[in-house]
file query05.cif (mmCIF, C-alpha atoms)
data_target
loop_
_atom_site.label_atom_id
_atom_site.label_comp_id
_atom_site.auth_asym_id
_atom_site.auth_seq_id
_atom_site.Cartn_x
_atom_site.Cartn_y
_atom_site.Cartn_z
CA MET R 1 68.58 117.02 60.79
CA LYS R 2 71.82 118.93 61.04
CA LEU R 3 70.78 120.48 64.37
CA THR R 4 69.78 117.09 65.74
CA ARG R 5 73.09 115.56 64.74
CA LEU R 6 75.03 118.45 66.26
CA PHE R 7 73.04 118.08 69.48
CA LEU R 8 73.78 114.37 69.67
CA VAL R 9 77.49 114.94 69.03
CA ALA R 10 77.64 117.62 71.73
CA LEU R 11 75.80 115.35 74.16
CA SER R 12 78.19 112.47 73.45
CA VAL R 13 81.24 114.68 74.01
CA SER R 14 79.77 115.98 77.27
CA LEU R 15 79.10 112.48 78.56
CA PHE R 16 82.61 111.33 77.54
CA VAL R 17 84.28 114.23 79.35
CA SER R 18 82.12 113.68 82.42
CA CYS R 19 82.94 109.97 82.55
CA SER R 20 86.61 110.69 81.93
CA ASN R 21 86.71 113.14 84.82
CA ASP R 22 85.03 110.59 87.11
CA ASP R 23 87.60 107.97 86.15
CA ASP R 24 90.46 110.41 86.72
CA SER R 25 89.37 110.94 90.32
CA ASN R 26 90.16 107.29 91.05
CA ASP R 27 93.52 107.27 89.34
CA PRO R 28 96.64 106.85 91.52
CA LYS R 29 98.16 110.19 92.51
CA GLY R 30 101.66 108.87 91.95
CA VAL R 31 103.87 105.79 91.93
CA TYR R 32 103.80 105.58 95.73
CA ASP R 33 100.08 106.01 96.30
CA ASP R 34 98.37 103.19 98.25
CA GLY R 35 101.30 101.55 99.98
CA ILE R 36 103.58 101.49 103.00
CA PHE R 37 106.80 103.41 103.57
CA ILE R 38 109.39 101.66 105.74
CA LEU R 39 111.78 104.10 107.40
CA ASN R 40 115.37 102.86 107.67
CA GLU R 41 117.35 104.70 110.33
CA GLY R 42 120.87 104.16 108.99
CA ASN R 43 124.00 104.45 111.13
CA PHE R 44 126.70 106.97 112.07
CA THR R 45 128.54 106.80 108.75
CA ASP R 46 125.72 105.96 106.35
CA GLY R 47 122.58 107.95 105.72
CA GLY R 48 119.19 106.41 106.18
CA SER R 49 116.74 105.41 103.47
CA VAL R 50 113.05 104.82 102.82
CA SER R 51 111.68 101.57 101.38
CA PHE R 52 108.23 101.14 99.84
CA VAL R 53 105.89 98.20 99.37
CA SER R 54 102.55 98.51 97.61
CA ASP R 55 99.37 97.72 99.51
CA ASP R 56 98.91 94.49 97.53
CA LEU R 57 102.52 93.56 98.47
CA ASN R 58 103.43 92.97 94.81
CA THR R 59 105.63 96.03 94.20
CA PHE R 60 108.71 96.84 96.27
CA THR R 61 111.40 99.53 96.09
CA LYS R 62 114.28 99.26 98.54
CA ASP R 63 115.39 102.93 98.42
CA VAL R 64 112.64 105.26 97.24
CA TYR R 65 114.39 108.52 98.07
CA SER R 66 117.53 107.77 96.05
CA THR R 67 115.50 106.30 93.22
CA VAL R 68 113.59 109.58 92.83
CA ASN R 69 116.09 112.20 94.03
CA GLY R 70 119.40 110.78 92.86
CA SER R 71 122.44 111.75 94.90
CA ASP R 72 120.69 114.15 97.28
CA PHE R 73 121.60 113.15 100.85
CA ILE R 74 118.54 112.38 102.94
CA GLY R 75 120.44 112.60 106.25
CA LYS R 76 121.58 110.46 109.15
CA TYR R 77 119.50 108.66 111.75
CA LEU R 78 116.08 108.92 110.14
CA GLN R 79 113.56 109.04 112.94
CA ASN R 80 110.01 109.71 111.79
CA ILE R 81 107.72 110.49 108.86
CA PHE R 82 104.60 112.61 109.24
CA PHE R 83 102.10 113.73 106.59
CA ASP R 84 100.15 116.85 105.73
CA GLY R 85 98.03 116.98 102.59
CA ASP R 86 100.10 115.75 99.66
CA LYS R 87 103.41 116.18 101.49
CA ALA R 88 105.51 113.85 103.61
CA TYR R 89 108.04 115.17 106.11
CA ILE R 90 111.06 112.93 106.80
CA ILE R 91 112.94 113.75 110.01
CA ALA R 92 116.69 113.08 109.95
CA GLY R 93 117.65 113.55 113.60
CA GLY R 94 121.37 113.03 113.05
CA SER R 95 121.53 115.79 110.45
CA ASN R 96 119.09 118.30 111.97
CA VAL R 97 117.02 118.38 108.80
CA ILE R 98 113.48 117.60 107.69
CA ASN R 99 113.11 116.60 104.04
CA VAL R 100 109.81 117.69 102.48
CA VAL R 101 108.69 115.43 99.62
CA ASN R 102 105.53 114.82 97.65
CA ARG R 103 104.04 111.78 99.38
CA TYR R 104 102.88 110.23 96.11
CA THR R 105 105.94 110.82 93.90
CA PHE R 106 108.58 111.24 96.64
CA LYS R 107 110.08 114.14 94.71
CA LEU R 108 112.02 116.47 97.03
CA GLU R 109 110.29 119.85 97.40
CA ALA R 110 112.16 121.54 100.25
CA LYS R 111 114.45 121.05 103.24
CA ILE R 112 113.91 122.50 106.70
CA GLU R 113 117.47 122.99 107.97
CA THR R 114 117.46 125.70 110.65
CA GLY R 115 115.96 125.81 114.13
CA LEU R 116 116.26 122.06 114.75
CA LEU R 117 118.44 120.31 117.34
CA THR R 118 118.20 116.51 117.18
CA PRO R 119 114.57 116.44 115.96
CA ARG R 120 112.57 113.34 116.81
CA TYR R 121 108.83 113.13 116.04
CA GLY R 122 106.24 115.46 114.53
CA VAL R 123 102.50 116.08 114.23
CA VAL R 124 100.49 118.65 112.26
CA LYS R 125 97.73 120.98 113.40
CA ASP R 126 96.22 123.98 111.62
CA GLY R 127 98.99 124.48 109.09
CA LYS R 128 101.82 124.07 111.56
CA ALA R 129 104.08 121.16 112.44
CA TYR R 130 105.09 120.50 116.03
CA VAL R 131 108.37 118.59 116.20
CA THR R 132 110.02 117.37 119.40
CA ASN R 133 113.75 118.11 119.68
CA ALA R 134 116.07 116.22 122.02
CA ASN R 135 118.51 119.19 121.94
CA THR R 136 121.53 118.17 124.06
CA TYR R 137 121.99 115.01 126.09
CA ALA R 138 122.73 114.99 129.80
CA SER R 139 126.28 114.32 131.02
CA ASN R 140 128.47 115.17 133.99
CA THR R 141 129.43 118.39 132.27
CA ASN R 142 125.94 119.10 130.95
CA PRO R 143 123.32 118.21 133.58
CA ALA R 144 120.84 120.54 131.86
CA GLY R 145 120.60 118.01 129.03
CA ASN R 146 117.68 116.41 130.87
CA THR R 147 115.65 119.63 130.88
CA ASP R 148 116.43 121.47 127.64
CA ASP R 149 114.28 119.59 125.10
CA PHE R 150 111.75 121.65 123.15
CA ILE R 151 109.09 121.59 120.47
CA ALA R 152 109.88 123.39 117.22
CA VAL R 153 106.82 125.09 115.72
CA ILE R 154 107.11 125.05 111.92
CA ASN R 155 104.98 127.14 109.57
CA LEU R 156 104.24 124.68 106.77
CA ALA R 157 103.49 127.46 104.29
CA THR R 158 107.07 128.73 104.57
CA ASN R 159 108.88 125.62 105.91
CA LYS R 160 110.44 127.79 108.61
CA VAL R 161 110.69 127.27 112.38
CA GLU R 162 108.77 130.28 113.67
CA SER R 163 108.96 129.61 117.42
CA THR R 164 109.85 127.01 120.06
CA ILE R 165 108.10 125.66 123.13
CA ALA R 166 110.34 125.02 126.13
CA LEU R 167 109.46 121.80 127.98
CA ASN R 168 111.85 121.80 130.97
CA ALA R 169 111.98 118.04 130.43
CA THR R 170 113.03 115.43 127.90
CA ALA R 171 110.78 114.67 124.93
CA ASN R 172 110.29 112.05 122.25
CA HIS R 173 106.92 110.85 120.92
CA ILE R 174 104.16 113.39 120.32
CA GLU R 175 100.42 113.14 119.61
CA VAL R 176 97.73 115.77 119.00
CA TYR R 177 94.15 115.51 120.27
CA ASN R 178 91.41 118.08 120.92
CA ASN R 179 93.69 121.13 120.63
CA LYS R 180 96.37 119.72 122.93
CA LEU R 181 99.76 118.15 122.32
CA TYR R 182 100.89 115.12 124.36
CA VAL R 183 104.56 114.19 124.72
CA THR R 184 106.34 111.18 126.22
CA GLU R 185 110.02 110.30 126.65
CA PRO R 186 111.14 106.81 127.70
CA TYR R 187 114.48 107.37 129.38
CA ASN R 188 114.80 110.43 131.62
CA ASN R 189 111.26 111.71 132.08
CA ASP R 190 108.47 110.25 134.23
CA LYS R 191 105.84 112.71 132.98
CA LEU R 192 103.24 112.94 130.26
CA LEU R 193 103.66 116.51 129.03
CA VAL R 194 100.52 118.40 127.99
CA VAL R 195 101.17 121.40 125.74
CA ASN R 196 98.70 124.05 124.57
CA PRO R 197 99.53 125.05 120.96
CA ALA R 198 97.28 128.11 121.23
CA THR R 199 99.64 129.61 123.81
CA ASN R 200 102.79 127.67 122.86
CA LYS R 201 103.29 126.74 126.50
CA LEU R 202 103.57 123.62 128.62
CA GLU R 203 100.18 123.44 130.32
CA THR R 204 100.71 120.61 132.79
CA SER R 205 102.81 117.53 133.51
CA LEU R 206 101.20 114.27 134.61
CA ALA R 207 103.28 111.78 136.60
CA ILE R 208 102.88 108.43 134.83
CA GLY R 209 106.21 106.76 135.68
CA LEU R 210 109.49 106.25 133.86
CA GLY R 211 109.77 104.49 130.52
CA ALA R 212 106.59 105.67 128.76
CA ASP R 213 107.21 105.69 125.02
CA THR R 214 104.81 104.81 122.19
CA MET R 215 101.21 105.93 122.71
CA GLU R 216 97.84 106.00 121.01
CA ILE R 217 94.58 107.82 121.68
CA LYS R 218 91.23 106.04 121.40
CA ASP R 219 87.79 107.22 122.54
CA GLY R 220 89.26 110.10 124.50
CA VAL R 221 91.76 107.93 126.38
CA LEU R 222 95.52 108.05 125.86
CA TYR R 223 97.18 104.64 126.12
CA THR R 224 100.91 104.23 126.60
CA ILE R 225 103.16 101.37 127.66
CA ARG R 226 105.90 102.08 130.15
CA SER R 227 108.79 99.76 130.95
CA SER R 228 111.48 100.77 133.40
CA TYR R 229 114.33 98.63 134.75
CA GLY R 230 113.48 97.03 138.10
CA GLU R 231 109.76 97.80 137.83
CA ARG R 232 106.78 95.92 136.45
CA SER R 233 105.74 97.12 133.00
CA GLU R 234 102.39 98.86 132.75
CA ILE R 235 99.78 100.13 130.35
CA ILE R 236 98.96 103.66 131.49
CA LYS R 237 95.53 105.01 130.57
CA VAL R 238 94.91 108.76 130.78
CA LYS R 239 91.32 109.97 130.41
CA LEU R 240 91.95 113.22 128.58
CA SER R 241 88.74 114.96 129.64
CA ASP R 242 89.96 115.19 133.24
CA ASN R 243 93.55 113.80 133.13
CA SER R 244 92.62 110.97 135.50
CA ILE R 245 95.02 108.01 135.37
CA SER R 246 94.50 104.27 135.63
CA LYS R 247 96.79 101.39 134.75
CA ILE R 248 97.15 97.71 133.95
CA THR R 249 100.22 96.07 135.45
CA PHE R 250 101.90 93.28 133.50
CA PRO R 251 103.13 90.15 135.28
CA GLU R 252 106.88 89.79 135.81
CA ALA R 253 107.11 87.42 132.83
CA LEU R 254 106.27 90.38 130.58
CA ASP R 255 108.75 92.88 131.99
CA GLY R 256 110.07 95.00 129.13
CA VAL R 257 107.00 94.99 126.86
CA ARG R 258 106.87 97.78 124.29
CA ASN R 259 105.45 98.92 120.91
CA LEU R 260 101.83 99.64 121.79
CA ASP R 261 99.38 99.86 118.88
CA ILE R 262 95.57 99.76 118.93
CA TYR R 263 93.64 98.19 116.06
CA ASN R 264 90.02 96.97 115.89
CA ASN R 265 89.50 97.39 119.64
CA LYS R 266 92.58 95.39 120.56
CA ILE R 267 95.82 96.59 122.12
CA TYR R 268 98.85 94.98 120.50
CA TYR R 269 102.22 94.93 122.26
CA THR R 270 105.53 93.12 121.92
CA LEU R 271 108.24 91.51 124.01
CA GLU R 272 111.52 90.49 122.39
CA THR R 273 110.32 88.60 119.27
CA ALA R 274 106.74 87.88 120.41
CA VAL R 275 103.51 89.72 119.57
CA TYR R 276 100.57 89.84 122.01
CA ALA R 277 97.04 91.24 121.92
CA MET R 278 94.33 92.06 124.45
CA ASP R 279 90.94 93.76 124.28
CA TYR R 280 91.42 97.48 124.80
CA THR R 281 88.82 97.49 127.59
CA ALA R 282 90.38 94.51 129.42
CA THR R 283 91.63 94.89 132.97
CA SER R 284 94.43 92.33 132.70
CA ALA R 285 97.00 91.59 130.02
CA SER R 286 97.27 88.50 127.88
CA THR R 287 100.44 86.48 128.47
CA THR R 288 99.97 84.19 125.47
CA PRO R 289 101.65 85.42 122.28
CA ILE R 290 99.90 85.39 118.93
CA PHE R 291 103.19 84.41 117.32
CA GLU R 292 106.96 84.88 117.47
CA TYR R 293 109.42 85.58 114.69
CA SER R 294 113.07 84.61 114.30
CA SER R 295 115.75 87.26 114.88
CA THR R 296 119.50 87.19 115.45
CA SER R 297 119.66 90.91 116.24
CA GLU R 298 121.08 91.83 119.63
CA TYR R 299 119.53 95.29 119.85
CA GLY R 300 117.04 95.55 117.02
CA LYS R 301 114.32 93.03 117.84
CA MET R 302 110.93 94.57 117.01
CA TYR R 303 112.68 97.85 116.20
CA GLY R 304 109.61 98.85 114.20
CA PHE R 305 106.04 97.68 114.74
CA ALA R 306 102.55 98.53 113.48
CA VAL R 307 99.13 96.95 113.05
CA LYS R 308 96.79 98.07 110.27
CA ASP R 309 94.49 96.71 107.55
CA ASP R 310 94.33 93.27 109.21
CA ARG R 311 98.11 92.92 109.06
CA ILE R 312 100.97 93.07 111.55
CA PHE R 313 104.16 94.81 110.42
CA ILE R 314 107.51 94.03 112.04
CA ALA R 315 110.90 95.60 111.36
CA ASP R 316 114.01 93.85 112.65
CA GLY R 317 116.89 96.28 113.23
CA GLY R 318 119.53 93.71 112.38
CA ASP R 319 123.15 94.79 112.96
CA PHE R 320 122.67 98.43 111.79
CA ALA R 321 125.55 97.87 109.34
CA SER R 322 123.88 95.88 106.57
CA SER R 323 120.47 95.44 104.98
CA SER R 324 117.86 94.18 107.37
CA LYS R 325 114.42 92.58 107.21
CA ALA R 326 110.81 93.66 107.46
CA TYR R 327 108.00 91.13 107.85
CA ILE R 328 104.27 91.34 107.22
CA TYR R 329 101.91 88.88 108.94
CA ASN R 330 98.16 88.43 109.08
CA LEU R 331 96.44 88.85 112.44
CA SER R 332 96.74 85.12 113.14
CA GLY R 333 100.51 85.20 112.75
CA SER R 334 100.93 83.69 109.28
CA LEU R 335 103.75 85.28 107.29
CA LEU R 336 102.52 87.14 104.19
CA LYS R 337 105.73 88.85 103.04
CA GLU R 338 109.42 89.12 103.89
CA LEU R 339 111.32 92.16 102.60
CA THR R 340 115.01 93.05 102.52
CA VAL R 341 115.15 96.74 103.44
CA GLY R 342 117.82 99.23 104.52
CA LEU R 343 119.86 99.69 107.70
CA GLY R 344 117.95 99.68 110.98
CA PRO R 345 114.28 99.83 109.88
CA ASN R 346 112.37 101.54 112.67
CA GLY R 347 108.85 102.39 111.50
CA PHE R 348 105.96 101.91 109.05
CA TYR R 349 103.97 104.76 107.49
CA PHE R 350 100.77 104.15 105.55
CA ASN R 351 100.23 106.25 102.43
CA ASP R 352 96.51 105.89 101.87
#
call {"tool": "encode", "arguments": {"input": "query05.cif", "output": "structure tokens"}}
result
Amino acid sequence: MKLTRLFLVALSVSLFVSCSNDDDSNDPKGVYDDGIFILNEGNFTDGGSVSFVSDDLNTFTKDVYSTVNGSDFIGKYLQNIFFDGDKAYIIAGGSNVINVVNRYTFKLEAKIETGLLTPRYGVVKDGKAYVTNANTYASNTNPAGNTDDFIAVINLATNKVESTIALNATANHIEVYNNKLYVTEPYNNDKLLVVNPATNKLETSLAIGLGADTMEIKDGVLYTIRSSYGERSEIIKVKLSDNSISKITFPEALDGVRNLDIYNNKIYYTLETAVYAMDYTATSASTTPIFEYSSTSEYGKMYGFAVKDDRIFIADGGDFASSSKAYIYNLSGSLLKELTVGLGPNGFYFND
């Protein structure tokens, strides 16, 4: 009897521990698990900030970084967040620093402060981050400013810049696909730059026209919107297996479209305060907006834009001197949530 009772007790404890461990695997990893970070750029005198809204839209924190890290200065002109494992990397282009935080608790773990010159956007591959740097800007006294941008290669085990990749061009957005890096820049560069991270060299440059900025890769095709003054806007499609290029030209009424995002086989794009969508295999663009939102901003209309989880996310830059607004809509254009965020919100980052 005693042995039987001991066996039953041991079995009960084993089952309890097993069930407890299973339950633990589904527990949130931190306060900021399952939600959306909204990056607020800030201005020349004020640092930026990061806001957070939970995925169910019920919990909101206006300034996550300060809430967790107190008086530590996050930096000026926040540009981009990229993730690797349980870490988030926050690029402050105006301060030449990347803040490394735990993506679930937002606790500061490290700062990358050397080897960066106006950093912009980053991606991760094989334990290394590749971050575009605008370096200097072109002027009458510095014409080389249009050719001196580079990619900083950061070892994520040490948080040190271990090398750089010269581009002989300007650089901004960056994507990684099939062991290649792809770089666009909307102002001074008419090329799609293709970089080989195995050799840390620029492999080729594809002429796609001025004004190419945001991009996304789907089914082996890179899509980017380009808008350049005096020219019709276009969606450029680059088949990455052979670098062949095709395009969809927008009508004049849609000159200046921007903010490309692909979701559920549709290409979403914006013009001023209007959101549009077309099938990603279509050969002509839709000219009928899904919806428009109200903005009084002169420069910050649709300053941030994303489409995910059957929702459309819009950040209005406002006046870059006071708190601004972020809006969340369903795919039909009905407003789900309005948030008061920081100065100059410019992007959404999904922590899932």
call {"tool": "residues_around", "arguments": {"input": "query05.cif", "residues": "Ala285 (chain R)", "least_positions_apart": "5", "cutoff": "10 Å", "atoms": "all atoms listed in the file", "output": "count of residues only"}}
result
14
call {"tool": "resolve_selection", "arguments": {"input": "query05.cif", "expression": "the PyMOL selection byres ((chain R and resi 229) around 10)", "output": "PyMOL selection string"}}
result
chain R and resi 210-211+227-228+230-233+255-256
call {"tool": "residues_around", "arguments": {"input": "query05.cif", "residues": "Asn146 (chain R)", "least_positions_apart": "2", "cutoff": "6 Å", "atoms": "all atoms listed in the file", "output": "MDAnalysis selection string"}}
result
chainID R and resid 138 144 169:170
call {"tool": "resolve_selection", "arguments": {"input": "query05.cif", "expression": "the PyMOL selection byres ((chain R and resi 191) around 8)", "output": "list in words"}}
result
Thr184, Glu185, Asn189, Asp190, Leu192, Leu193, Ser205, Leu206, Ala207, Ile208, Gly209 and Leu210 of chain R
call {"tool": "resolve_selection", "arguments": {"input": "query05.cif", "expression": "the PyMOL selection byres ((chain R and resi 89) around 6)", "output": "JSON, numbers by chain"}}
result
{"R": [81, 82, 88, 90, 99, 100]}
call {"tool": "atom_distance", "arguments": {"input": "query05.cif", "atom1": "CA of Tyr77 (chain R)", "atom2": "CA of Val124 (chain R)"}}
result
21.5 Å
call {"tool": "atom_distance", "arguments": {"input": "query05.cif", "atom1": "CA of Val153 (chain R)", "atom2": "CA of Ala129 (chain R)"}}
result
5.8 Å
call {"tool": "atom_distance", "arguments": {"input": "query05.cif", "atom1": "CA of Asn155 (chain R)", "atom2": "CA of Lys128 (chain R)"}}
result
4.8 Å
call {"tool": "residues_around", "arguments": {"input": "query05.cif", "residues": "Asp352 (chain R)", "least_positions_apart": "2", "cutoff": "8 Å", "atoms": "all atoms listed in the file", "output": "list in words"}}
result
Asp33, Asp34, Gly35 and Phe350 of chain R
call {"tool": "closest_residue", "arguments": {"input": "query05.cif", "among": "R:Tyr104, R:Phe83, R:Phe150, R:Tyr223", "to": "Gly127 (chain R)", "atoms": "only C-alpha atoms"}}
result
R:Phe83
call {"tool": "residues_around", "arguments": {"input": "query05.cif", "residues": "Ile74 (chain R)", "least_positions_apart": "2", "cutoff": "9 Å", "atoms": "only C-alpha atoms", "output": "ChimeraX atom specification"}}
result
/R:47-49,65-66,71-72,76,78,90,92,95,97-99
call {"tool": "residues_around", "arguments": {"input": "query05.cif", "residues": "Ser51 (chain R)", "least_positions_apart": "6", "cutoff": "9 Å", "atoms": "all atoms listed in the file", "output": "PyMOL selection string"}}
result
chain R and resi 36-40+60-65+341-342
call {"tool": "closest_residue", "arguments": {"input": "query05.cif", "among": "R:Phe106, R:Tyr177, R:Phe291, R:Tyr130", "to": "Val68 (chain R)", "atoms": "all atoms listed in the file"}}
result
R:Phe106
call {"tool": "residues_near_point", "arguments": {"input": "query05.cif", "point": "(93.4, 122.8, 120.1)", "cutoff": "8 Å", "atoms": "all atoms listed in the file", "output": "JSON, numbers by chain"}}
result
{"R": [177, 178, 179, 180, 196, 197, 198]}
call {"tool": "closest_residue", "arguments": {"input": "query05.cif", "among": "R:Gly304, R:Gly145, R:Gly93, R:Gly318", "to": "Asn133 (chain R)", "atoms": "only C-alpha atoms"}}
result
R:Gly93
call {"tool": "closest_residue", "arguments": {"input": "query05.cif", "among": "R:Ile91, R:Leu57, R:Ile174, R:Leu116", "to": "Ala152 (chain R)", "atoms": "all atoms listed in the file"}}
result
R:Leu116
call {"tool": "closest_residue", "arguments": {"input": "query05.cif", "among": "R:Leu240, R:Glu298, R:Thr214, R:Tyr293", "to": "Leu260 (chain R)", "atoms": "all atoms listed in the file"}}
result
R:Thr214
